[in-house]
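One file, input-v2.txt, is given below (compact mmCIF, C-alpha atoms).
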```txt
# COMPACT_ATOMS: atom_id res chain seq x y z
CA MET A 1 6.93 -18.66 39.96
CA PRO A 2 6.36 -19.53 36.27
CA ARG A 3 5.10 -16.88 33.92
CA LEU A 4 1.32 -16.71 33.55
CA LEU A 5 -0.33 -16.01 30.18
CA THR A 6 -3.90 -14.75 29.93
CA VAL A 7 -5.99 -13.49 27.01
CA HIS A 8 -9.18 -11.44 26.88
CA GLU A 9 -11.28 -9.64 24.29
CA GLU A 10 -11.90 -5.89 24.17
CA VAL A 11 -14.33 -4.05 21.90
CA PHE A 12 -13.87 -0.46 20.70
CA PRO A 13 -16.73 1.31 18.88
CA LEU A 14 -15.82 3.17 15.70
CA LYS A 15 -16.78 6.77 14.98
CA GLY A 16 -19.09 5.54 12.21
CA THR A 17 -19.41 2.69 9.75
CA PHE A 18 -16.07 1.77 8.19
CA ARG A 19 -16.48 0.25 4.72
CA ILE A 20 -14.05 -1.45 2.39
CA SER A 21 -14.68 -3.59 -0.69
CA ARG A 22 -15.31 -6.76 1.32
CA GLY A 23 -17.65 -5.43 4.00
CA ALA A 24 -18.47 -2.89 6.70
CA ARG A 25 -17.74 -2.63 10.43
CA THR A 26 -18.93 -0.49 13.33
CA GLU A 27 -16.53 -1.76 16.00
CA ALA A 28 -13.00 -3.08 16.44
CA ARG A 29 -12.75 -6.41 18.25
CA VAL A 30 -9.25 -7.08 19.58
CA LEU A 31 -7.59 -9.65 21.80
CA VAL A 32 -5.13 -8.63 24.49
CA CYS A 33 -2.48 -11.08 25.65
CA GLU A 34 -0.93 -10.47 29.07
CA ILE A 35 2.15 -12.30 30.34
CA THR A 36 2.85 -11.89 34.04
CA ASP A 37 6.26 -12.42 35.62
CA GLY A 38 6.07 -11.64 39.33
CA ASP A 39 4.68 -8.15 39.61
CA VAL A 40 5.45 -7.23 35.99
CA ILE A 41 2.97 -7.57 33.11
CA GLY A 42 3.78 -7.46 29.40
CA ARG A 43 0.95 -6.82 26.95
CA GLY A 44 0.30 -7.36 23.27
CA GLU A 45 -2.79 -6.83 21.13
CA CYS A 46 -4.01 -8.41 17.92
CA THR A 47 -6.98 -8.21 15.57
CA PRO A 48 -8.23 -11.57 14.21
CA TYR A 49 -9.06 -11.14 10.54
CA ALA A 50 -11.63 -13.23 8.69
CA ARG A 51 -9.80 -12.72 5.35
CA TYR A 52 -7.10 -15.02 6.71
CA GLY A 53 -9.50 -17.54 8.21
CA GLU A 54 -9.19 -16.13 11.73
CA THR A 55 -11.99 -15.77 14.27
CA VAL A 56 -11.80 -14.15 17.70
CA ASP A 57 -12.52 -17.49 19.40
CA ASP A 58 -9.96 -19.47 17.38
CA VAL A 59 -7.22 -16.89 17.91
CA ALA A 60 -7.99 -16.68 21.63
CA ARG A 61 -7.67 -20.46 21.89
CA ALA A 62 -4.36 -20.40 19.99
CA ILE A 63 -2.99 -17.77 22.36
CA ALA A 64 -4.16 -19.67 25.44
CA ALA A 65 -2.69 -22.91 24.10
CA ILE A 66 0.85 -21.49 24.13
CA GLY A 67 0.48 -20.58 27.82
CA PRO A 68 2.10 -23.75 29.20
CA SER A 69 5.11 -23.23 26.92
CA ILE A 70 5.44 -19.62 28.10
CA ALA A 71 5.27 -20.89 31.70
CA GLY A 72 8.01 -23.34 30.79
CA GLY A 73 10.34 -20.57 29.62
CA LEU A 74 9.54 -20.18 25.90
CA GLU A 75 11.04 -16.91 24.61
CA ARG A 76 10.59 -14.91 21.44
CA GLU A 77 12.87 -16.84 19.12
CA GLY A 78 11.34 -20.14 20.12
CA LEU A 79 7.90 -18.64 19.66
CA GLN A 80 8.62 -18.09 15.95
CA ARG A 81 8.91 -21.85 15.54
CA ALA A 82 6.15 -22.79 17.97
CA MET A 83 3.39 -20.68 16.36
CA ARG A 84 2.59 -19.84 12.76
CA ALA A 85 2.56 -16.26 11.54
CA GLY A 86 -0.72 -14.52 12.25
CA ALA A 87 -2.69 -12.58 14.82
CA ALA A 88 -2.22 -15.05 17.69
CA ARG A 89 1.56 -15.01 17.51
CA ASN A 90 1.54 -11.24 17.14
CA ALA A 91 -0.17 -10.74 20.50
CA VAL A 92 2.17 -13.15 22.29
CA ASP A 93 5.32 -11.85 20.60
CA CYS A 94 4.53 -8.22 21.43
CA ALA A 95 3.66 -9.17 25.02
CA LEU A 96 7.06 -10.85 25.38
CA TRP A 97 8.83 -7.76 24.00
CA ASP A 98 6.90 -5.54 26.42
CA LEU A 99 7.64 -7.85 29.34
CA GLU A 100 11.35 -7.96 28.54
CA ALA A 101 11.48 -4.17 28.35
CA LYS A 102 9.77 -3.76 31.71
CA LEU A 103 11.91 -6.41 33.43
CA SER A 104 15.15 -4.96 32.04
CA GLY A 105 14.30 -1.29 32.53
CA LYS A 106 15.10 -0.68 28.86
CA ARG A 107 12.92 0.32 25.94
CA VAL A 108 12.11 -2.18 23.19
CA TRP A 109 14.05 -0.14 20.66
CA GLU A 110 17.14 -0.51 22.85
CA LEU A 111 16.63 -4.26 23.19
CA ALA A 112 16.26 -4.55 19.41
CA GLY A 113 19.43 -2.53 18.77
CA LEU A 114 17.52 0.22 16.96
CA PRO A 115 17.81 4.02 17.10
CA GLU A 116 15.45 5.89 19.37
CA PRO A 117 12.18 6.29 17.45
CA ALA A 118 10.86 9.65 16.30
CA ARG A 119 7.31 10.76 15.58
CA VAL A 120 5.87 9.62 12.24
CA THR A 121 3.18 10.92 9.90
CA THR A 122 0.32 8.50 9.40
CA ALA A 123 -2.13 8.23 6.56
CA TYR A 124 -5.78 8.92 7.36
CA THR A 125 -8.22 6.47 5.78
CA LEU A 126 -11.46 7.53 4.11
CA SER A 127 -14.11 4.81 4.22
CA VAL A 128 -15.82 3.74 0.99
CA ASP A 129 -18.87 5.84 0.23
CA ALA A 130 -20.58 7.65 -2.63
CA PRO A 131 -18.25 10.08 -4.44
CA GLU A 132 -20.07 13.12 -3.04
CA ALA A 133 -19.79 11.82 0.52
CA MET A 134 -16.12 10.98 0.07
CA GLY A 135 -15.52 14.46 -1.31
CA LYS A 136 -17.10 15.92 1.83
CA ALA A 137 -14.98 13.63 4.03
CA ALA A 138 -11.88 14.70 2.10
CA ALA A 139 -12.72 18.37 2.65
CA GLU A 140 -12.97 17.74 6.38
CA ALA A 141 -9.59 15.97 6.30
CA ALA A 142 -7.88 18.31 3.82
CA SER A 143 -5.37 19.49 6.40
CA ARG A 144 -3.97 15.97 6.73
CA PRO A 145 -0.83 15.43 4.65
CA LEU A 146 -1.59 11.85 3.55
CA LEU A 147 -5.01 10.39 2.76
CA LYS A 148 -5.81 6.76 2.01
CA LEU A 149 -8.84 5.84 -0.10
CA LYS A 150 -10.54 2.51 -0.51
CA LEU A 151 -11.59 1.34 -3.99
CA THR A 152 -14.31 -1.19 -4.84
CA GLY A 153 -14.33 -1.87 -8.58
CA ASP A 154 -18.02 -0.88 -8.71
CA GLY A 155 -17.61 1.69 -11.49
CA GLU A 156 -17.49 4.76 -9.25
CA ASP A 157 -13.85 4.62 -8.21
CA ALA A 158 -12.69 7.26 -10.71
CA ALA A 159 -15.40 9.62 -9.46
CA ARG A 160 -14.35 8.96 -5.87
CA ILE A 161 -10.75 9.83 -6.66
CA ALA A 162 -11.76 13.00 -8.51
CA ALA A 163 -13.98 14.12 -5.62
CA VAL A 164 -11.28 13.54 -3.04
CA ARG A 165 -8.59 15.29 -5.08
CA ALA A 166 -10.84 18.29 -5.71
CA ASN A 167 -11.59 18.66 -2.00
CA ALA A 168 -8.10 17.90 -0.67
CA PRO A 169 -5.82 19.47 -3.30
CA SER A 170 -2.71 19.59 -1.10
CA SER A 171 -2.88 16.11 0.42
CA ARG A 172 -0.82 13.19 -0.81
CA ILE A 173 -3.04 10.23 -1.71
CA ILE A 174 -2.64 6.45 -1.73
CA VAL A 175 -5.40 4.01 -2.62
CA ASP A 176 -6.23 0.45 -1.56
CA ALA A 177 -8.46 -1.89 -3.56
CA ASN A 178 -8.41 -4.73 -1.00
CA GLU A 179 -8.28 -7.30 -3.87
CA ALA A 180 -11.49 -5.92 -5.46
CA LEU A 181 -10.28 -5.31 -9.03
CA THR A 182 -9.65 -7.41 -12.09
CA LEU A 183 -6.50 -6.85 -14.12
CA ASP A 184 -8.51 -4.98 -16.77
CA GLN A 185 -10.11 -2.76 -14.12
CA ALA A 186 -6.74 -2.01 -12.57
CA ARG A 187 -5.22 -1.09 -15.91
CA GLU A 188 -8.25 1.02 -16.80
CA ILE A 189 -8.23 3.12 -13.62
CA ALA A 190 -4.47 3.43 -13.22
CA PRO A 191 -4.08 6.44 -15.57
CA ALA A 192 -6.76 8.36 -13.66
CA LEU A 193 -4.98 7.57 -10.42
CA ALA A 194 -1.66 8.76 -11.80
CA GLU A 195 -3.23 11.92 -13.21
CA ALA A 196 -4.67 12.70 -9.76
CA GLY A 197 -1.22 12.34 -8.23
CA VAL A 198 -1.96 9.08 -6.41
CA GLU A 199 1.34 7.67 -5.17
CA MET A 200 0.44 3.98 -4.83
CA LEU A 201 -2.26 1.46 -5.74
CA GLU A 202 -2.39 -1.19 -3.04
CA GLN A 203 -3.44 -4.81 -3.70
CA PRO A 204 -5.53 -4.36 -6.85
CA LEU A 205 -6.02 -8.09 -7.49
CA HIS A 206 -6.78 -11.02 -5.24
CA ALA A 207 -3.58 -12.46 -3.82
CA GLU A 208 -4.23 -15.77 -5.59
CA ALA A 209 -4.54 -13.98 -8.94
CA ASP A 210 -1.72 -11.46 -8.67
CA GLU A 211 0.69 -13.40 -10.88
CA ALA A 212 -1.18 -11.64 -13.71
CA LEU A 213 0.64 -8.45 -12.62
CA ARG A 214 4.07 -9.84 -13.46
CA ASP A 215 6.00 -7.35 -15.55
CA VAL A 216 2.83 -5.43 -16.48
CA ALA A 217 3.61 -1.72 -16.71
CA PHE A 218 1.58 0.63 -14.51
CA PRO A 219 1.96 4.42 -14.29
CA LEU A 220 2.20 4.28 -10.48
CA PRO A 221 3.71 1.85 -7.94
CA LEU A 222 1.72 -1.20 -6.82
CA GLY A 223 1.67 -2.29 -3.19
CA ALA A 224 1.35 -5.83 -1.80
CA ASP A 225 -0.80 -6.22 1.30
CA GLU A 226 -2.77 -9.48 1.26
CA SER A 227 0.04 -10.92 -0.89
CA CYS A 228 2.79 -10.14 1.64
CA HIS A 229 2.72 -11.73 5.09
CA ASP A 230 6.26 -12.48 6.28
CA THR A 231 9.75 -13.02 4.90
CA THR A 232 8.74 -16.36 3.33
CA THR A 233 6.29 -14.58 1.01
CA LEU A 234 8.68 -11.88 -0.14
CA ALA A 235 10.70 -13.53 -2.91
CA ARG A 236 7.83 -14.06 -5.36
CA LEU A 237 6.69 -10.43 -5.16
CA ALA A 238 9.57 -9.10 -7.25
CA GLY A 239 8.20 -8.18 -10.68
CA LEU A 240 4.68 -7.91 -9.28
CA TYR A 241 4.89 -5.08 -6.75
CA GLN A 242 7.16 -2.19 -5.86
CA VAL A 243 5.89 -1.66 -2.29
CA VAL A 244 5.16 -4.14 0.51
CA ASN A 245 2.77 -3.44 3.38
CA ILE A 246 3.99 -4.79 6.73
CA LYS A 247 1.29 -5.46 9.32
CA LEU A 248 2.15 -7.17 12.59
CA ASP A 249 -1.03 -9.24 12.54
CA LYS A 250 0.27 -10.75 9.28
CA THR A 251 3.92 -11.16 10.24
CA GLY A 252 3.04 -12.67 13.61
CA GLY A 253 4.63 -9.95 15.71
CA LEU A 254 7.37 -7.39 15.97
CA THR A 255 10.18 -9.95 15.73
CA GLU A 256 9.28 -11.04 12.21
CA ALA A 257 8.12 -7.55 11.17
CA LEU A 258 11.60 -6.14 11.77
CA LYS A 259 13.12 -8.99 9.75
CA LEU A 260 10.66 -8.39 6.93
CA ARG A 261 11.41 -4.67 6.82
CA GLU A 262 15.13 -5.33 6.55
CA ALA A 263 14.69 -8.06 3.90
CA ALA A 264 12.27 -5.98 1.84
CA GLN A 265 14.51 -2.93 1.80
CA ALA A 266 17.51 -5.10 0.90
CA ARG A 267 15.57 -6.40 -2.12
CA GLY A 268 14.76 -2.87 -3.24
CA PHE A 269 11.12 -2.73 -2.21
CA ARG A 270 9.64 0.42 -0.80
CA VAL A 271 7.97 -0.23 2.55
CA MET A 272 4.62 0.65 4.03
CA VAL A 273 3.67 -0.13 7.63
CA GLY A 274 -0.05 -0.63 8.08
CA CYS A 275 -2.54 -1.77 10.67
CA MET A 276 -5.85 -3.44 11.28
CA LEU A 277 -8.65 -1.64 13.11
CA ALA A 278 -7.26 -1.69 16.64
CA SER A 279 -6.20 0.43 19.60
CA SER A 280 -2.95 2.17 20.45
CA LEU A 281 -1.63 -1.05 21.98
CA SER A 282 -1.48 -2.49 18.46
CA MET A 283 -0.10 0.71 16.93
CA ALA A 284 2.75 1.02 19.47
CA PRO A 285 4.99 -1.78 18.12
CA ALA A 286 4.00 -0.88 14.56
CA HIS A 287 5.28 2.65 15.25
CA LEU A 288 8.72 1.18 15.86
CA VAL A 289 8.67 -0.68 12.52
CA ALA A 290 7.43 2.49 10.82
CA GLN A 291 10.68 4.36 11.40
CA GLY A 292 12.20 5.47 8.11
CA VAL A 293 9.71 3.73 5.80
CA ASP A 294 7.99 5.21 2.76
CA PHE A 295 4.36 5.10 3.88
CA VAL A 296 2.87 4.84 7.37
CA ASP A 297 -0.75 3.86 8.01
CA ILE A 298 -1.33 3.46 11.75
CA ASP A 299 -4.52 5.47 12.00
CA GLY A 300 -6.67 2.84 13.76
CA PRO A 301 -7.27 4.93 16.90
CA LEU A 302 -8.25 7.95 14.78
CA LEU A 303 -11.16 5.94 13.37
CA MET A 304 -12.47 4.87 16.79
CA ALA A 305 -14.93 6.63 19.06
CA ARG A 306 -12.50 6.05 21.93
CA ASP A 307 -9.00 4.65 22.35
CA ARG A 308 -7.54 2.89 25.35
CA THR A 309 -5.96 4.93 28.14
CA PRO A 310 -3.08 5.53 28.07
CA GLY A 311 -2.80 5.60 24.31
CA LEU A 312 -0.53 7.01 21.65
CA ARG A 313 -0.45 10.78 21.24
CA TYR A 314 -1.84 11.87 17.87
CA ASP A 315 -1.24 15.50 16.92
CA GLY A 316 -3.29 15.65 13.75
CA SER A 317 -1.56 13.03 11.61
CA LEU A 318 1.67 13.14 13.61
CA VAL A 319 2.11 10.18 15.95
CA ASP A 320 4.54 10.25 18.87
CA PRO A 321 6.42 7.13 20.02
CA PRO A 322 4.67 5.14 22.78
CA GLU A 323 5.32 5.88 26.40
CA PRO A 324 6.41 2.92 28.58
CA ASP A 325 3.10 2.77 30.41
CA LEU A 326 1.40 1.90 27.11
CA TRP A 327 3.94 -0.53 25.63
CA GLY A 328 7.62 -1.16 25.24
```
Now, as a test, write the supplied structure out as structure tokens.
Amino acid sequence: MPRLLTVHEEVFPLKGTFRISRGARTEARVLVCEITDGDVIGRGECTPYARYGETVDDVARAIAAIGPSIAGGLEREGLQRAMRAGAARNAVDCALWDLEAKLSGKRVWELAGLPEPARVTTAYTLSVDAPEAMGKAAAEAASRPLLKLKLTGDGEDAARIAAVRANAPSSRIIVDANEALTLDQAREIAPALAEAGVEMLEQPLHAEADEALRDVAFPLPLGADESCHDTTTLARLAGLYQVVNIKLDKTGGLTEALKLREAAQARGFRVMVGCMLASSLSMAPAHLVAQGVDFVDIDGPLLMARDRTPGLRYDGSLVDPPEPDLWG
């Protein structure tokens, strides 16, 4: 029988309100793609993201539309040409990887010719709030080795950083502006970030304005998130950024994410592997890409009131590789 593709939405409530510079959320809405071959089912998950013009309904339709091609034998390499990079292709690509692993009796890392994955240390993200509240949140998370802060450009960012550093003196810190700053704001706050020991400033400017960063000296590395999607977007980032953030919902799946990691490292970029707000089914393939990179941010399930079962095992900020009954 031909392979059958289905897609459905799942909603996971968050522990509280999660705020960044462009808005707030209280739940994670994900789409799960399932590809059935006989009695075997491969699964992949994605998070449609409005910043990239994606809606849950549009992405669900894009996933469903590739179903006849999957039934006709379309495999991963053909999928890269049949669908554009983005959340829809991510779900389908990861479902095909999972299906291949289950049909072959091998793990995805074996199929990809990679070493067996080890546990990684993830960042833990502190939602945007008043400096006092973020200081309290930092104190509660002070045992975590790597904290990630969100900036807004509203004039209180320096106070937020100071409050977090004072309450989590031993934690490493990275910050993410989510395109909220101007060049002048970025240059103004950068010394305070460096003085606080912040190791990276992620996406300070809007992606369409980031050419202004070219060859501008900053006292800490800059990371490209919204400016880096797949291998086609990599070349222009030299001279703008020192770190690239790989997210499977941007690359369009594990296949392209692995290519982007290799290409970025070959060009001398440091690599971060990040995530959208999603369950362990999204984090599982990202965990494989996160092997040996400079920064890992796959804390989505830690921010949710509940994860799917089975899920990844989080021991504080340590994340074990996925078991086969979850993915891969």
Exercise. Please write as a PyMOL selection string the list of polymer residues whose atoms come within 12 Å of (14.6, -2.7, 2.1), counting all atoms listed in the file and keeping to the coordinates of the file.
Key: chain A and resi 231+234+242-246+258-272+292-294
Taking only residues of stretch 182-246 of chain A that have an atom at most 12 Å from an atom of stretch 15-34 of chain A, what is each one's shortest atom pair and its distance in Å to one decimal, using all atoms listed in the file, in chain and number order, as CSV?
```
residue,atom,partner,partner_atom,distance
A:Gln203,CA,A:Ser21,CA,11.7
A:Pro204,CA,A:Ser21,CA,11.1
A:Leu205,CA,A:Ser21,CA,11.9
A:His206,CA,A:Arg22,CA,11.6
```
Quiz prompt | Distance query A:Pro310 at most 12 Å, all atoms listed in the file, self and fewer than 4 positions along chain excluded, as a PyMOL selection string | solution = chain A and resi 279-281+284+301+306+322-327
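Distances here use only C-alpha atoms; by that measure, the residue among A:Val92, A:Leu111, A:Ala71, A:Ala168 closest to A:Ala137 is A:Ala168.
Closest approach to A:Ala112 among A:Leu288, A:Leu74, A:Val296, A:Leu222: A:Leu288, based on all atoms listed in the file.
All residues of protein, DNA or RNA that reach within 10 Å of A:Gly135, judged by only C-alpha atoms and not counting those fewer than 6 positions away in the chain, are A:Leu126, A:Asp129, A:Ala141, A:Ala142, A:Ala159, A:Arg160, A:Ile161, A:Ala162, A:Ala163, A:Val164, A:Arg165, A:Ala166, A:Asn167, A:Ala168.
Between atom CA of A:Gln80 and atom CA of A:Trp109 the interatomic distance comes to 19.3 Å.
With distances taken over all atoms listed in the file, A:His287 is the one residue among A:Arg89, A:Arg214, A:His287, A:His229 lying closest to A:Val108.
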Counting all atoms listed in the file, which residues of stretch 65-158 of chain A sit at most 7 Å from some atom of stretch 180-198 of chain A, and what is each one's closest atom pair with its distance in Å to one decimal, listed by chain and rising residue number, as a Markdown table?
```
| residue | atom | partner | partner_atom | distance |
| --- | --- | --- | --- | --- |
| A:Thr152 | CA | A:Ala180 | CA | 5.5 |
| A:Gly153 | CA | A:Leu181 | CA | 5.3 |
| A:Ala158 | CA | A:Ala192 | CA | 6.7 |
```
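With all atoms listed in the file as the atoms that count, the minimum distance from A:Ala177 to the choices A:Met83, A:Ala62, A:Val128, A:Val273 is reached by A:Val128.
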